[in-house]
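The structure appears right after this line, and notes come after that.
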Amino acid sequence: MNENEIKIKNKIIELQNKISEWDKHYYDFDDPIVSDEIYDTEYNKLKKYEEQYSYLFSDSELQSSPTNKINAHLSRIFTKVEHDFPMLSLDKTYSIEEIQKFIDNIKKIASKFSFFIEPKIDGLSISIKYKKGKLFRAVTRGNGQIGEDVTSNILQINNIPKEIDYQEDLEVRGEVFLAIDQFEKLNMSLKEENKPIMANPRNAAAGTLRQLNPEIVKQRNLSAFLYYIINPQKHNIFNIEDSFRFLKKLGFEVTKEAKKVNSIEEITKYIGDFKEIRKKLNYETDGIVIKLNEIKFYEQLGQTSKFPHWAIAFKYEPDITSTILKDIFITIGRTGVVTYNAKLDEVELSGTKVSYATLNNYEFIRNLGININDSVYIKKSGEIIPCLIGIANKNNYEIFKPIDTCPYCKNQIYFNETGLEQFCLNQDCPEIKIRKLIHFTSKEALDINSLGEKNITLFHKLNYINDITDIFKLKDYQDELINLSGFGEISIKKIIQSIEEAKNKSLEKLIFGLSIPLIGIKSAKFIASKVLKLENVLDFDFSIFEEYHDFGSKITSNLIEWFKDEKNILLIKRLINLGVNPSYLEEQKTDILSNLSFVITGTLSKPRSYFEKIIYKNGGQVFSSISSNIKYLLAGEKAGSKLIKAKKFNIKVITEEEFYELLNS
């Protein structure tokens with residue numbers, strides 16, 4: 001082996017070690033340290049190098065590469081269970097040419113066959129066994145040979161049947177995931193509690209499934225799609241299309257986007273169509289899975305230690321690029337939370353020029369190990385916000401140190417008790433004031449859309465708006481404002497009119513707009529439903545909210561502290577004097593459901609929010625989990641574990657029809 005070959009081999013070994021480390025975080029810790037896009041880019045690079053320079057390695061060295069085995073170890077927390085049949089991964093491709101090779105391989109053993117295509121769900125693989133119709137055990141993929149028993153947590157997932165109308169022993173496999181709307185709800189909740197938010201739905205699902213407390217799993221509303229049956233012929237199933245029908249008949253959730261196709265042309269069309277369809281789905285997917293439909297050929301096609309030869313995953317090319325990180329700076333939010341940002345060498349991404357990207361918090365920077373002058377990968381987040389997702393090349397061998405001074409007020413900034421977030425604690429910080437004003441006028445709050453961030457910033461700079469009460473005094477300066485550059489009589493009158501209309505918005509919008517720590521939109525609405533009118537907060541007993549388990553002591557304590565602060569009392573009184581004294585506009589129409597508490601579960605004819613609204617309007621309360629204090633469980637189809645627990649507590653279970661009867665009684 002010459003000097004150049006030694007360098008090449010060392011480079012490949014370095015890449016193998018890097019990917020093995022990434023695998024450890026992905027499989028063992030459920031905490032990926034790089035995005036799928038970076039992983040796939042480097043993984044494909046490694047595969048290419050290993051194929052090109054295979055002569056530099058022995059067979060045993062290549063077999064131990066992360067390209068040839070599932071690189072997972074197992075946690076000591078959960079019981080280890082050996083799979084009866086290996087739980088393999090899928091080989092991946094980014095090109096139609098590779099799919100054609102996959103098909104050509106099938107043609108060697110079969111002349112007539114078809115395919116079954118389904119979305120590639122970005123979640124966690126799970127294997128579930130049923131004995132005599134009852135869910136017996138659920139095990140993670142693990143290293144493909146041995147997984148972890150997570151049965152108690154799988155029992156908390158509503159759309160996984162706990163019992164099925166089938167008495168034969170059955171093992172089904174699929175993917176556990178967190179729906180996008182539930183992911184957003186979870187992050188909103190974490191944000192309100194000043195806890196670190198989840199990076200993506202896959203991480204959130206992984207972290208949830210491995211919680212030691214099943215109650216947390218239940219609250220986070222995981223979902224699952226099931227797509228494969230072990231030993232299907234034993235159940236008189238001979239193709240994947242029939243297995244989907246079988247699973248659906250037994251009450252398992254299967255993806256509606258799956259279909260049978262017959263040719264490479266149909267596969268290509270599906271790939272093109274699904275690229276747009278996937279943007280509208282309520283779950284994350286980064287490609288499709290193509291399976292040979294006819295199961296009888298599987299044994300002949302065989303498998304490697306990692307992949308079967310009867311299926312392949314097509315992934316869309318990762319839309320990422322690399323550039324130089326020129327600077328790191330921070331911005332301050334309305335609660336004082338610090339957000340780190342990156343200034344980049346301008347680069348084109350998805351057809352637009354990108355110069356800045358988000359870095360979230362300092363923990364994000366530390367985990368990536370980045371610093372100024374490093375070459376970094378960036379991608380578009382949700383097709384809108386660019387985000388930095390990893391290192392392409394480390395040029396600065398130190399890690400960027402945390403910023404300790406607020407750039408707006410020059411006060412020291414502090415880490416919270418978790419050490420994950422930083423805050424500017426100076427409530428007189430000009431940036432915090434501006435952000436609070438912008439939030440107060442935002443769509444979710446008082447929705448004074450004609451004022452806008454740009455105008456608020458200008459009016460604050462010109463000393464017209466220093467706190468939220470000043471917004472309602474702008475009409476006193478109407479003549480002066482009309483003469484400002486860029487304004488006129490029509491635009492100023494429109495702003496004044498929007499402000500006057502905001503006085504009559506429902507009370508919860510104003511409460512949310514006040515930026516009270518830990519109070520989100522849902523909490524603000526519940527508070528408003530009890531307070532009823534702004535003036536009532538001046539002598540309201542906020543300690544009552546501790547009785548409601550969706551609030552708890554910490555949120556209640558924040559409410560009490562905020563509303564007894566002299567500055568805030570004065571603020572409320574000044575608002576009232578300015579004619580800002582809104583009522584809760586969705587006051588109860590009746591007291592039919594007064595003092596009645598509900599939990600809603602299962603699939604109903606309308607979204608859950610529809611029934612929540614009816615209950616709140618008629619004096620009732622809605623909670624997310626079952627306890628002995630709950631009066632009714634409103635249950636639709638596939639009610640799941642909440643139904644079982646309701647029966648345990650002797651809680652009355654009602655159907656949708658019975659709910660309407662109760663309402664009309």
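Numbering starts fresh at 1 for the residues of each chain in the structure tokens, the chains themselves are lettered A, B, ... in the order given, and ligands are numbered from 1 as they appear.
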Pick out each residue of region 370-479 of chain A that DSSP on the backbone tags as strand (DSSP E or B); I need them as a VMD selection string. chain A and resid 375 to 381 385 to 393 405 412 to 415 422 to 424
Include C-alpha atoms and write out the residues we just selected as a tab-separated table (two decimals), in the first residue's frame.
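File written: part-v4.tsv
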chain	number	residue	atom	x	y	z
A	375	SER	CA	-17.69	25.75	6.28
A	376	VAL	CA	-21.28	24.79	7.15
A	377	TYR	CA	-24.31	23.10	5.61
A	378	ILE	CA	-27.56	25.07	5.38
A	379	LYS	CA	-31.07	24.13	4.24
A	380	LYS	CA	-34.45	25.75	3.90
A	381	SER	CA	-36.67	24.98	6.89
A	385	ILE	CA	-36.47	29.99	6.96
A	386	PRO	CA	-32.87	28.97	6.25
A	387	CYS	CA	-31.26	27.02	9.08
A	388	LEU	CA	-27.72	25.85	9.66
A	389	ILE	CA	-27.67	22.08	10.08
A	390	GLY	CA	-24.03	20.96	10.34
A	391	ILE	CA	-20.32	21.33	9.62
A	392	ALA	CA	-19.04	20.68	6.11
A	393	ASN	CA	-15.43	21.48	7.06
A	405	THR	CA	-23.96	40.69	27.09
A	412	GLN	CA	-25.49	40.71	31.37
A	413	ILE	CA	-27.49	37.78	29.98
A	414	TYR	CA	-27.93	34.59	32.01
A	415	PHE	CA	-28.44	30.88	31.43
A	422	GLN	CA	-30.16	32.26	27.91
A	423	PHE	CA	-32.19	35.31	28.91
A	424	CYS	CA	-31.86	39.06	29.17
At a cut-off of 12 Å, using only C-alpha atoms, what residues contact region 126-133 of chain A? Leave out same-chain residues fewer than 6 positions from it and give the result as a tab-separated table (two decimals) with N, CA, C and O atoms, in the first residue's frame.
chain	number	residue	atom	x	y	z
A	81	VAL	N	-35.32	-7.59	24.02
A	81	VAL	CA	-36.10	-8.68	23.44
A	81	VAL	C	-35.51	-9.02	22.07
A	81	VAL	O	-35.28	-8.13	21.25
A	82	GLU	N	-35.28	-10.32	21.83
A	82	GLU	CA	-34.75	-10.75	20.54
A	82	GLU	C	-35.89	-10.89	19.54
A	82	GLU	O	-36.93	-11.49	19.84
A	83	HIS	N	-35.71	-10.33	18.35
A	83	HIS	CA	-36.71	-10.46	17.30
A	83	HIS	C	-36.73	-11.89	16.76
A	83	HIS	O	-35.67	-12.49	16.55
A	84	ASP	N	-37.93	-12.42	16.53
A	84	ASP	CA	-38.03	-13.75	15.91
A	84	ASP	C	-37.51	-13.72	14.48
A	84	ASP	O	-36.95	-14.69	13.98
A	85	PHE	N	-37.73	-12.59	13.82
A	85	PHE	CA	-37.23	-12.38	12.46
A	85	PHE	C	-36.49	-11.04	12.45
A	85	PHE	O	-37.00	-10.06	13.02
A	86	PRO	N	-35.30	-10.97	11.84
A	86	PRO	CA	-34.53	-9.72	11.86
A	86	PRO	C	-35.36	-8.53	11.38
A	86	PRO	O	-36.18	-8.66	10.45
A	87	MET	N	-35.16	-7.40	12.01
A	87	MET	CA	-35.88	-6.18	11.65
A	87	MET	C	-34.90	-5.29	10.88
A	87	MET	O	-34.13	-4.53	11.46
A	88	LEU	N	-34.91	-5.44	9.56
A	88	LEU	CA	-33.90	-4.83	8.72
A	88	LEU	C	-34.23	-3.38	8.36
A	88	LEU	O	-35.36	-2.93	8.52
A	89	SER	N	-33.23	-2.69	7.87
A	89	SER	CA	-33.41	-1.35	7.33
A	89	SER	C	-33.66	-1.49	5.82
A	89	SER	O	-33.83	-2.60	5.32
A	139	VAL	N	-41.92	-4.00	20.42
A	139	VAL	CA	-40.45	-3.94	20.52
A	139	VAL	C	-39.89	-3.02	19.44
A	139	VAL	O	-40.34	-3.06	18.29
A	140	THR	N	-38.92	-2.19	19.80
A	140	THR	CA	-38.25	-1.31	18.83
A	140	THR	C	-37.33	-2.11	17.92
A	140	THR	O	-37.01	-3.27	18.21
A	141	ARG	N	-36.87	-1.49	16.84
A	141	ARG	CA	-35.95	-2.18	15.92
A	141	ARG	C	-34.64	-2.53	16.62
A	141	ARG	O	-34.09	-3.60	16.42
A	142	GLY	N	-34.11	-1.60	17.43
A	142	GLY	CA	-32.80	-1.82	18.07
A	142	GLY	C	-31.72	-1.99	17.02
A	142	GLY	O	-31.62	-1.19	16.08
A	144	GLY	N	-31.62	-4.47	14.97
A	144	GLY	CA	-32.16	-5.37	13.95
A	144	GLY	C	-32.34	-6.79	14.44
A	144	GLY	O	-33.19	-7.52	13.96
A	145	GLN	N	-31.52	-7.20	15.42
A	145	GLN	CA	-31.60	-8.54	16.01
A	145	GLN	C	-32.29	-8.50	17.37
A	145	GLN	O	-33.10	-9.34	17.70
A	146	ILE	N	-31.93	-7.47	18.15
A	146	ILE	CA	-32.48	-7.31	19.50
A	146	ILE	C	-33.00	-5.88	19.65
A	146	ILE	O	-32.33	-4.92	19.31
A	147	GLY	N	-34.23	-5.76	20.14
A	147	GLY	CA	-34.83	-4.45	20.37
A	147	GLY	C	-35.20	-4.26	21.83
A	147	GLY	O	-34.83	-5.07	22.69
A	148	GLU	N	-35.95	-3.20	22.11
A	148	GLU	CA	-36.34	-2.87	23.48
A	148	GLU	C	-37.86	-2.95	23.63
A	148	GLU	O	-38.60	-2.51	22.75
A	149	ASP	N	-38.28	-3.52	24.74
A	149	ASP	CA	-39.71	-3.68	25.02
A	149	ASP	C	-40.30	-2.33	25.46
A	149	ASP	O	-39.98	-1.82	26.53
A	150	VAL	N	-41.16	-1.77	24.61
A	150	VAL	CA	-41.80	-0.48	24.93
A	150	VAL	C	-43.33	-0.65	24.94
A	150	VAL	O	-44.07	0.27	24.62
A	151	THR	N	-43.77	-1.84	25.35
A	151	THR	CA	-45.21	-2.16	25.31
A	151	THR	C	-46.05	-1.15	26.07
A	151	THR	O	-47.09	-0.69	25.58
A	152	SER	N	-45.62	-0.77	27.28
A	152	SER	CA	-46.43	0.14	28.10
A	152	SER	C	-46.63	1.48	27.41
A	152	SER	O	-47.68	2.12	27.58
A	153	ASN	N	-45.65	1.90	26.62
A	153	ASN	CA	-45.78	3.18	25.91
A	153	ASN	C	-46.60	3.04	24.63
A	153	ASN	O	-47.37	3.94	24.28
A	154	ILE	N	-46.46	1.93	23.94
A	154	ILE	CA	-47.26	1.70	22.73
A	154	ILE	C	-48.75	1.64	23.08
A	154	ILE	O	-49.61	2.07	22.30
A	155	LEU	N	-49.06	1.15	24.27
A	155	LEU	CA	-50.47	1.08	24.71
A	155	LEU	C	-51.10	2.47	24.85
A	155	LEU	O	-52.33	2.59	24.92
A	160	ILE	N	-53.30	2.67	17.63
A	160	ILE	CA	-52.84	1.28	17.62
A	160	ILE	C	-53.85	0.45	18.41
A	160	ILE	O	-54.05	0.67	19.60
A	161	PRO	N	-54.54	-0.50	17.75
A	161	PRO	CA	-55.57	-1.29	18.45
A	161	PRO	C	-54.97	-2.09	19.61
A	161	PRO	O	-53.90	-2.68	19.48
A	162	LYS	N	-55.69	-2.08	20.73
A	162	LYS	CA	-55.26	-2.87	21.89
A	162	LYS	C	-55.83	-4.29	21.77
A	162	LYS	O	-55.27	-5.24	22.32
A	163	GLU	N	-56.95	-4.40	21.05
A	163	GLU	CA	-57.55	-5.70	20.77
A	163	GLU	C	-57.97	-5.73	19.30
A	163	GLU	O	-58.38	-4.71	18.75
A	164	ILE	N	-57.85	-6.90	18.68
A	164	ILE	CA	-58.27	-7.06	17.29
A	164	ILE	C	-59.16	-8.29	17.16
A	164	ILE	O	-59.08	-9.21	17.98
A	165	ASP	N	-60.00	-8.29	16.15
A	165	ASP	CA	-60.91	-9.41	15.93
A	165	ASP	C	-60.20	-10.48	15.10
A	165	ASP	O	-60.55	-10.74	13.94
A	166	TYR	N	-59.17	-11.09	15.71
A	166	TYR	CA	-58.38	-12.11	15.01
A	166	TYR	C	-57.65	-12.92	16.08
A	166	TYR	O	-56.87	-12.36	16.87
A	167	GLN	N	-57.90	-14.20	16.14
A	167	GLN	CA	-57.41	-15.02	17.25
A	167	GLN	C	-56.05	-15.66	17.00
A	167	GLN	O	-55.40	-16.13	17.94
A	168	GLU	N	-55.59	-15.69	15.75
A	168	GLU	CA	-54.27	-16.26	15.45
A	168	GLU	C	-53.17	-15.33	15.96
A	168	GLU	O	-53.34	-14.11	15.99
A	169	ASP	N	-52.03	-15.92	16.35
A	169	ASP	CA	-50.88	-15.09	16.72
A	169	ASP	C	-50.47	-14.26	15.52
A	169	ASP	O	-50.36	-14.78	14.40
A	170	LEU	N	-50.24	-12.96	15.75
A	170	LEU	CA	-49.95	-12.04	14.64
A	170	LEU	C	-48.84	-11.07	15.05
A	170	LEU	O	-48.87	-10.51	16.14
A	171	GLU	N	-47.87	-10.89	14.15
A	171	GLU	CA	-46.83	-9.86	14.36
A	171	GLU	C	-46.90	-8.87	13.21
A	171	GLU	O	-46.79	-9.25	12.05
A	172	VAL	N	-47.09	-7.60	13.56
A	172	VAL	CA	-47.16	-6.54	12.54
A	172	VAL	C	-46.06	-5.52	12.81
A	172	VAL	O	-45.66	-5.31	13.96
A	173	ARG	N	-45.59	-4.91	11.74
A	173	ARG	CA	-44.52	-3.91	11.87
A	173	ARG	C	-44.93	-2.62	11.18
A	173	ARG	O	-45.71	-2.62	10.23
A	174	GLY	N	-44.39	-1.54	11.69
A	174	GLY	CA	-44.73	-0.24	11.13
A	174	GLY	C	-43.87	0.86	11.70
A	174	GLY	O	-42.76	0.61	12.19
A	175	GLU	N	-44.40	2.07	11.68
A	175	GLU	CA	-43.63	3.25	12.06
A	175	GLU	C	-44.44	4.10	13.03
A	175	GLU	O	-45.60	4.43	12.77
A	176	VAL	N	-43.84	4.44	14.16
A	176	VAL	CA	-44.44	5.37	15.12
A	176	VAL	C	-43.94	6.76	14.79
A	176	VAL	O	-42.75	6.97	14.55
A	177	PHE	N	-44.86	7.74	14.77
A	177	PHE	CA	-44.45	9.11	14.42
A	177	PHE	C	-45.29	10.11	15.20
A	177	PHE	O	-46.30	9.75	15.84
A	206	ALA	N	-39.20	9.99	18.97
A	206	ALA	CA	-38.21	9.09	19.57
A	206	ALA	C	-38.10	9.33	21.07
A	206	ALA	O	-38.11	8.40	21.87
A	209	LEU	N	-41.35	8.08	22.84
A	209	LEU	CA	-41.54	6.62	22.93
A	209	LEU	C	-40.64	6.00	24.00
A	209	LEU	O	-40.95	4.93	24.52
A	223	SER	N	-48.74	8.76	16.89
A	223	SER	CA	-49.54	7.99	15.93
A	223	SER	C	-48.66	6.88	15.36
A	223	SER	O	-47.45	6.85	15.58
A	224	ALA	N	-49.29	5.99	14.60
A	224	ALA	CA	-48.51	4.92	13.95
A	224	ALA	C	-49.20	4.49	12.67
A	224	ALA	O	-50.42	4.48	12.57
A	225	PHE	N	-48.38	4.16	11.67
A	225	PHE	CA	-48.86	3.47	10.47
A	225	PHE	C	-48.26	2.06	10.50
A	225	PHE	O	-47.05	1.90	10.72
A	226	LEU	N	-49.08	1.08	10.29
A	226	LEU	CA	-48.60	-0.30	10.19
A	226	LEU	C	-48.59	-0.72	8.73
A	226	LEU	O	-49.51	-0.36	7.98
A	227	TYR	N	-47.54	-1.44	8.29
A	227	TYR	CA	-47.42	-1.71	6.86
A	227	TYR	C	-46.86	-3.09	6.50
A	227	TYR	O	-46.72	-3.42	5.33
A	228	TYR	N	-46.55	-3.91	7.51
A	228	TYR	CA	-45.96	-5.21	7.15
A	228	TYR	C	-46.37	-6.28	8.15
A	228	TYR	O	-46.44	-6.03	9.36
A	229	ILE	N	-46.63	-7.49	7.64
A	229	ILE	CA	-47.02	-8.62	8.47
A	229	ILE	C	-45.93	-9.69	8.37
A	229	ILE	O	-45.51	-10.06	7.27
A	230	ILE	N	-45.49	-10.17	9.52
A	230	ILE	CA	-44.50	-11.26	9.53
A	230	ILE	C	-45.20	-12.58	9.20
A	230	ILE	O	-46.30	-12.85	9.68
A	250	LEU	N	-58.65	-5.05	10.25
A	250	LEU	CA	-58.48	-5.32	11.68
A	250	LEU	C	-58.42	-4.04	12.52
A	250	LEU	O	-58.30	-4.11	13.74
A	251	GLY	N	-58.49	-2.89	11.84
A	251	GLY	CA	-58.52	-1.62	12.59
A	251	GLY	C	-57.19	-0.92	12.70
A	251	GLY	O	-57.07	0.08	13.43
A	252	PHE	N	-56.16	-1.41	12.00
A	252	PHE	CA	-54.86	-0.73	12.00
A	252	PHE	C	-54.91	0.46	11.06
A	252	PHE	O	-55.58	0.42	10.02
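The nearest approach to Leu90 (chain A) among the residues A:Trp310, A:Phe238, A:Phe542, A:Tyr464, with only C-alpha atoms taken into account, belongs to A:Trp310.
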A straight line from CA of Asn200 (chain A) to CA of Arg278 (chain A) spans 16.0 Å
Please identify all polymer residues within 9 Å of Lys326 (chain A), counting only C-alpha atoms, omitting same-chain residues fewer than 2 positions from it, and present them as a ChimeraX atom specification. /A:324,328,342-345,371-374
Export C-alpha atoms of the chosen residues as a tab-separated table (two decimals), in the first residue's frame?
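Output below, filename again36.tsv:
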chain	number	residue	atom	x	y	z
A	324	ILE	CA	-18.74	29.99	5.08
A	328	ILE	CA	-22.58	34.70	14.92
A	342	ALA	CA	-25.57	33.10	11.61
A	343	LYS	CA	-24.31	35.58	9.03
A	344	LEU	CA	-23.17	33.68	5.94
A	345	ASP	CA	-21.28	34.16	2.76
A	371	ASN	CA	-17.42	28.66	15.01
A	372	ILE	CA	-16.87	31.66	12.74
A	373	ASN	CA	-15.03	30.78	9.47
A	374	ASP	CA	-16.21	27.14	9.49
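Distances from A:Leu538, A:Leu484, A:Leu62, A:Leu634 to Phe459 (chain A) were compared using only C-alpha atoms, and the smallest one belongs to A:Leu484.
Residues in contact with region 638-647 of chain A at up to 6 Å, not including ones fewer than 6 positions away on its chain and judged by only C-alpha atoms, are Gln156, Asn158, Thr601 and Gly602 of chain A.
For Glu535 (chain A), the residues within 9 Å (counting only C-alpha atoms, excluding itself and residues fewer than 6 positions away along the chain) are Ile572, Lys573, Ile576, Asn581 and Pro582 of chain A.
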Would you put the residues from that selection into a file with all heavy atoms, as a PDB file, in the first residue's frame?
ATOM      1  N   ILE A 572     -52.891  47.875  33.637  1.00  0.00           N
ATOM      2  CA  ILE A 572     -54.288  47.470  33.445  1.00  0.00           C
ATOM      3  C   ILE A 572     -55.219  48.664  33.670  1.00  0.00           C
ATOM      4  O   ILE A 572     -56.146  48.910  32.886  1.00  0.00           O
ATOM      5  CB  ILE A 572     -54.665  46.311  34.398  1.00  0.00           C
ATOM      6  CG1 ILE A 572     -53.806  45.070  34.125  1.00  0.00           C
ATOM      7  CG2 ILE A 572     -56.155  45.984  34.276  1.00  0.00           C
ATOM      8  CD1 ILE A 572     -53.956  44.465  32.765  1.00  0.00           C
ATOM      9  N   LYS A 573     -54.976  49.442  34.742  1.00  0.00           N
ATOM     10  CA  LYS A 573     -55.831  50.602  35.052  1.00  0.00           C
ATOM     11  C   LYS A 573     -55.759  51.655  33.946  1.00  0.00           C
ATOM     12  O   LYS A 573     -56.779  52.251  33.570  1.00  0.00           O
ATOM     13  CB  LYS A 573     -55.420  51.216  36.393  1.00  0.00           C
ATOM     14  CG  LYS A 573     -55.819  50.357  37.593  1.00  0.00           C
ATOM     15  CD  LYS A 573     -55.376  50.997  38.907  1.00  0.00           C
ATOM     16  CE  LYS A 573     -55.862  50.179  40.096  1.00  0.00           C
ATOM     17  NZ  LYS A 573     -55.415  50.753  41.383  1.00  0.00           N
ATOM     18  N   ILE A 576     -57.816  50.456  30.981  1.00  0.00           N
ATOM     19  CA  ILE A 576     -59.253  50.629  31.241  1.00  0.00           C
ATOM     20  C   ILE A 576     -59.655  52.092  31.077  1.00  0.00           C
ATOM     21  O   ILE A 576     -60.694  52.412  30.478  1.00  0.00           O
ATOM     22  CB  ILE A 576     -59.608  50.097  32.646  1.00  0.00           C
ATOM     23  CG1 ILE A 576     -59.422  48.569  32.684  1.00  0.00           C
ATOM     24  CG2 ILE A 576     -61.046  50.471  33.022  1.00  0.00           C
ATOM     25  CD1 ILE A 576     -59.483  47.966  34.075  1.00  0.00           C
ATOM     26  N   ASN A 581     -61.350  47.747  27.775  1.00  0.00           N
ATOM     27  CA  ASN A 581     -61.870  46.911  28.857  1.00  0.00           C
ATOM     28  C   ASN A 581     -62.687  45.770  28.248  1.00  0.00           C
ATOM     29  O   ASN A 581     -63.891  45.653  28.483  1.00  0.00           O
ATOM     30  CB  ASN A 581     -62.730  47.754  29.801  1.00  0.00           C
ATOM     31  CG  ASN A 581     -63.089  47.004  31.070  1.00  0.00           C
ATOM     32  OD1 ASN A 581     -62.498  45.967  31.389  1.00  0.00           O
ATOM     33  ND2 ASN A 581     -64.086  47.513  31.796  1.00  0.00           N
ATOM     34  N   PRO A 582     -62.026  44.931  27.418  1.00  0.00           N
ATOM     35  CA  PRO A 582     -62.776  43.919  26.660  1.00  0.00           C
ATOM     36  C   PRO A 582     -63.392  42.835  27.542  1.00  0.00           C
ATOM     37  O   PRO A 582     -62.895  42.537  28.627  1.00  0.00           O
ATOM     38  CB  PRO A 582     -61.721  43.325  25.725  1.00  0.00           C
ATOM     39  CG  PRO A 582     -60.433  43.538  26.437  1.00  0.00           C
ATOM     40  CD  PRO A 582     -60.580  44.840  27.158  1.00  0.00           C
TER      41      PRO A 582
END
Hey, which bits of region 247-354 of chain A sit within 9 Å of region 428-445 of chain A, and for each residue what's the closest pair of atoms and how far apart in Å (one decimal), counting only C-alpha atoms, rows by chain and increasing number, as CSV?
residue,atom,partner,partner_atom,distance
A:Thr331,CA,A:Glu431,CA,8.5
A:Ile332,CA,A:Glu431,CA,6.5
A:Gly333,CA,A:Arg435,CA,6.0
A:Arg334,CA,A:Arg435,CA,4.6
A:Thr335,CA,A:Ile432,CA,6.9
A:Gly336,CA,A:Ile432,CA,6.1
What residues in region 39-176 of chain A get the DSSP label helix (DSSP H, G or I)? Please answer as an MDAnalysis selection string. chainID A and resid 39:52 54:56 59:63 96:107 151:154
Using only C-alpha atoms, please write the residues we just selected to a file, as a short mmCIF file (atom, residue, chain, number, x, y, z; two decimals), in the first residue's frame.
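To be explicit, this is the file written out as result06.cif:
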data_model
loop_
_atom_site.label_atom_id
_atom_site.label_comp_id
_atom_site.auth_asym_id
_atom_site.auth_seq_id
_atom_site.Cartn_x
_atom_site.Cartn_y
_atom_site.Cartn_z
CA TYR A 39 -26.21 12.00 7.10
CA ASP A 40 -27.33 10.87 3.65
CA THR A 41 -24.75 13.08 1.92
CA GLU A 42 -21.85 11.68 3.97
CA TYR A 43 -23.24 8.12 3.96
CA ASN A 44 -23.45 8.10 0.16
CA LYS A 45 -19.92 9.51 0.00
CA LEU A 46 -18.71 6.63 2.20
CA LYS A 47 -20.50 4.02 0.04
CA LYS A 48 -18.88 5.47 -3.07
CA TYR A 49 -15.40 5.46 -1.49
CA GLU A 50 -15.80 1.88 -0.20
CA GLU A 51 -16.85 0.65 -3.65
CA GLN A 52 -14.02 2.54 -5.37
CA SER A 54 -12.62 -1.85 -1.67
CA TYR A 55 -9.21 -3.40 -2.45
CA LEU A 56 -7.71 -1.41 0.45
CA ASP A 59 -13.84 -8.45 3.89
CA SER A 60 -14.18 -8.30 7.70
CA GLU A 61 -13.25 -4.60 7.70
CA LEU A 62 -15.93 -3.82 5.12
CA GLN A 63 -18.54 -5.91 6.98
CA ILE A 96 -34.54 6.35 -11.20
CA GLU A 97 -31.53 4.50 -12.65
CA GLU A 98 -30.95 2.77 -9.29
CA ILE A 99 -34.63 1.81 -9.13
CA GLN A 100 -34.26 0.27 -12.60
CA LYS A 101 -31.31 -1.79 -11.31
CA PHE A 102 -33.50 -2.93 -8.41
CA ILE A 103 -36.17 -4.02 -10.94
CA ASP A 104 -33.59 -5.73 -13.19
CA ASN A 105 -32.48 -7.80 -10.20
CA ILE A 106 -36.09 -8.97 -9.68
CA LYS A 107 -36.36 -9.89 -13.38
CA THR A 151 -45.21 -2.16 25.31
CA SER A 152 -46.43 0.14 28.10
CA ASN A 153 -45.78 3.18 25.91
CA ILE A 154 -47.26 1.70 22.73
#
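The environment of Ile600 (chain A) within 10 Å, counting only C-alpha atoms and disregarding residues fewer than 6 places along the same chain, consists of Arg608, Ser609, Phe611, Glu612, Val622, Phe623, Ser624, Ser625, Ile626, Tyr632, Leu633, Leu634, Ala635, Gly636, Ala639, Lys642, Leu643, Val653 and Ile654 of chain A.
Of the listed residues (A:Lys401, A:Lys522, A:Lys9, A:Lys92), A:Lys401 comes nearest to Glu363 (chain A); the distances count only C-alpha atoms.
Ranking A:Glu276, A:Asp541, A:Glu299, A:Asp122 by their shortest atom-to-atom distance to Ala205 (chain A), with only C-alpha atoms included, puts A:Asp122 first.
Distance-wise, CA of Lys248 (chain A) and CA of Lys652 (chain A) end up 29.0 Å apart.
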Show which residues sit within 12 Å of Leu462 (chain A), as number ranges by chain. Count only C-alpha atoms, and ignore same-chain residues fewer than 6 positions away. A: 455-456, 477, 480-481, 484
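Using only C-alpha atoms, the shortest contact distance between Leu514 (chain A) and any of A:Thr268, A:Ile482, A:Leu559, A:Ile499 is found at A:Leu559.
Pairwise distance (CA of Leu451 (chain A), CA of Glu184 (chain A)) equals 27.4 Å.
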Give the answer as one residue: which of A:Ile651, A:Leu662, A:Leu281, A:Ile288 has the shortest atom-to-atom distance to Asn618 (chain A), using only C-alpha atoms? A:Leu662
